[in-house]
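Notes follow the structure.
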Amino acid sequence: MFVLTIDQRGSTGDRDRVPELISELRVLTDPAGGAAFERSVGDEVQGVLADPGAVVDAALHALRSGRWYVGIGVGHVVLPPGASSREGSGTGFVAARRAVEAAKAAAPLVPLSVVSGAMGTDAGGTPAGDEGVRACANAEAVLRLLGRLVHERTDAQWRVVDALRRLGPDKHGRQKQVAGELGITEQSVSRTLVRSGWQEEWAARPAAAMLLEYARTRIVGPGGASDAGG
């Protein structure tokens, strides 16, 4: 199971952006088996997700604006059915707290961290614990590369990318449709997509999800998700 703790950057000099982010993340992700995103405390958002692909979606969406620190904890989660994330416990929550603090300390790097919630390890860690830590580090590295790509994308590039995504993955002639929608040439759409790194991003997203899932199996075990509690 994955716990995401996302904290607003520079909130003392900015408006409260938590409600907006919660609304966007609830549209973007399915919390089946976990808990939907909600305000945890202050200007912080927390959610529990079972699907590593949804974790990638949520993390990259938050990194897009440059306004959030993103912490991803991988570990055991105790969460009563239908409960909010505030009612949960377990090593995944502890790891997510450590992860968001590590993300804050990562500046000027991409403000994202993935932390293992492996249990029963000493300072050196057990072999399984070590492997979980390495897997989290690998997932973090790929997510940071993707995070830099989406954060550095210009507004003009996002207009094209967002328009293309709205059409869905199974549409034919999508670039022509995007050109018509935005009032630009098909060649401009093609050039913009190349410069935006859109193809590279979507090719690498499954790799990031795969690394997160591998980390989960090393930390929680095959098929492990959450533990129901009363």
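Simple scheme: letters A, B, ... for chains in structure tokens order, numbers from 1 for residues in each chain, numbers from 1 for ligands in the order shown.
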
With only C-alpha atoms counted and 8 Å as the cut-off, give the residues of stretch 35-104 of chain A in contact with stretch 207-217 of chain A, each with its shortest interatomic distance in Å and the pair that gives it, as a Markdown table.
```
| residue | atom | partner | partner_atom | distance |
| --- | --- | --- | --- | --- |
| A:Pro52 | CA | A:Ala209 | CA | 4.9 |
| A:Gly53 | CA | A:Ala209 | CA | 5.1 |
| A:Val55 | CA | A:Ala209 | CA | 7.6 |
| A:Val56 | CA | A:Ala209 | CA | 6.3 |
| A:Val74 | CA | A:Arg216 | CA | 6.1 |
| A:Gly75 | CA | A:Arg216 | CA | 6.8 |
```

Could you give me, as a PDB file with N, CA and C atoms, in the first residue's frame, the residues within 12 Å of A:Arg165, counting only C-alpha atoms and dropping anything in the same chain fewer than 6 positions from it?
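So the final result, stored in part.pdb, reads:
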```pdb
ATOM      1  N   TRP A 158       1.763  22.762 -22.228  1.00  0.00           N
ATOM      2  CA  TRP A 158       0.697  22.120 -21.460  1.00  0.00           C
ATOM      3  C   TRP A 158      -0.652  22.239 -22.170  1.00  0.00           C
ATOM      4  N   ARG A 159      -0.883  23.341 -22.860  1.00  0.00           N
ATOM      5  CA  ARG A 159      -2.142  23.485 -23.606  1.00  0.00           C
ATOM      6  C   ARG A 159      -2.300  22.349 -24.603  1.00  0.00           C
ATOM      7  N   LYS A 171      -8.098   7.451 -29.561  1.00  0.00           N
ATOM      8  CA  LYS A 171      -8.559   8.277 -30.675  1.00  0.00           C
ATOM      9  C   LYS A 171      -7.517   8.263 -31.807  1.00  0.00           C
ATOM     10  N   ARG A 174      -5.435  12.257 -33.503  1.00  0.00           N
ATOM     11  CA  ARG A 174      -5.615  13.162 -32.357  1.00  0.00           C
ATOM     12  C   ARG A 174      -4.886  14.480 -32.535  1.00  0.00           C
ATOM     13  N   GLN A 175      -3.702  14.452 -33.154  1.00  0.00           N
ATOM     14  CA  GLN A 175      -2.959  15.701 -33.320  1.00  0.00           C
ATOM     15  C   GLN A 175      -3.710  16.676 -34.225  1.00  0.00           C
ATOM     16  N   GLN A 177      -6.969  16.788 -34.468  1.00  0.00           N
ATOM     17  CA  GLN A 177      -8.073  17.289 -33.652  1.00  0.00           C
ATOM     18  C   GLN A 177      -7.602  18.372 -32.689  1.00  0.00           C
ATOM     19  N   VAL A 178      -6.439  18.150 -32.081  1.00  0.00           N
ATOM     20  CA  VAL A 178      -5.880  19.143 -31.159  1.00  0.00           C
ATOM     21  C   VAL A 178      -5.584  20.440 -31.897  1.00  0.00           C
ATOM     22  N   LEU A 193       4.819  18.803 -29.037  1.00  0.00           N
ATOM     23  CA  LEU A 193       4.861  17.532 -28.311  1.00  0.00           C
ATOM     24  C   LEU A 193       6.286  17.012 -28.194  1.00  0.00           C
ATOM     25  N   TRP A 198       6.572  14.775 -24.101  1.00  0.00           N
ATOM     26  CA  TRP A 198       5.346  14.042 -23.783  1.00  0.00           C
ATOM     27  C   TRP A 198       5.487  12.549 -24.037  1.00  0.00           C
ATOM     28  N   GLN A 199       6.070  12.180 -25.174  1.00  0.00           N
ATOM     29  CA  GLN A 199       6.235  10.764 -25.481  1.00  0.00           C
ATOM     30  C   GLN A 199       7.140  10.082 -24.468  1.00  0.00           C
ATOM     31  N   TRP A 202       5.254   9.535 -21.063  1.00  0.00           N
ATOM     32  CA  TRP A 202       4.275   8.448 -21.037  1.00  0.00           C
ATOM     33  C   TRP A 202       4.910   7.089 -21.255  1.00  0.00           C
TER      34      TRP A 202
END
```

- Message: Report, in Å with one decimal, the straight-line distance from atom CA of A:Arg39 to atom CA of A:Thr91.
- Response: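 Result for atom CA of A:Arg39 versus atom CA of A:Thr91: 19.8 Å, one decimal.
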
- Contacts of stretch 42-45 of chain A within 10 Å, only C-alpha atoms, excl. fewer than 4 positions in-chain, as a VMD selection string: chain A and resid 4 to 9 11 to 12 15 to 19 21 to 22 25 37 to 38 68 to 70 85

- Where does DSSP see helix (DSSP H, G or I) in stretch 11-187 of chain A, if you list the residues as number ranges by chain? A: 11-13, 18-28, 52-65, 85-87, 91-105, 127-151, 155-166, 174-182, 186-187

- Query: If we count only C-alpha atoms, what is near A:Val3 at a cut-off of 9 Å, once residues fewer than 3 positions away on the same chain are taken out, given as a list of chain:residue names?
  - Reply: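 Residues near the query, excluding close chain neighbours: A:Gly34, A:Gln46, A:Gly47, A:Val48, A:Leu49, A:Ala50, A:Val55, A:Gly71, A:Ile72, A:Gly73, A:Val74, A:Gly75, A:Val77, A:Ser85, A:Gly92, A:Phe93, A:Ala95, A:Ala96.
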
- Query: Any idea what the distance is between atom CA of A:His151 and atom CA of A:Arg86?
  - Reply: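 Taking atom CA of A:His151 as the start and atom CA of A:Arg86 as the end point, the length is 29.4 Å.
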
- Task: Please provide as a list in words all residues within 9 Å of A:Arg134, with the sequence filter that same-chain residues fewer than 5 positions apart are discarded (counting only C-alpha atoms).
- Result: Ser116, Gly129, Ala139 and Ala215 of chain A
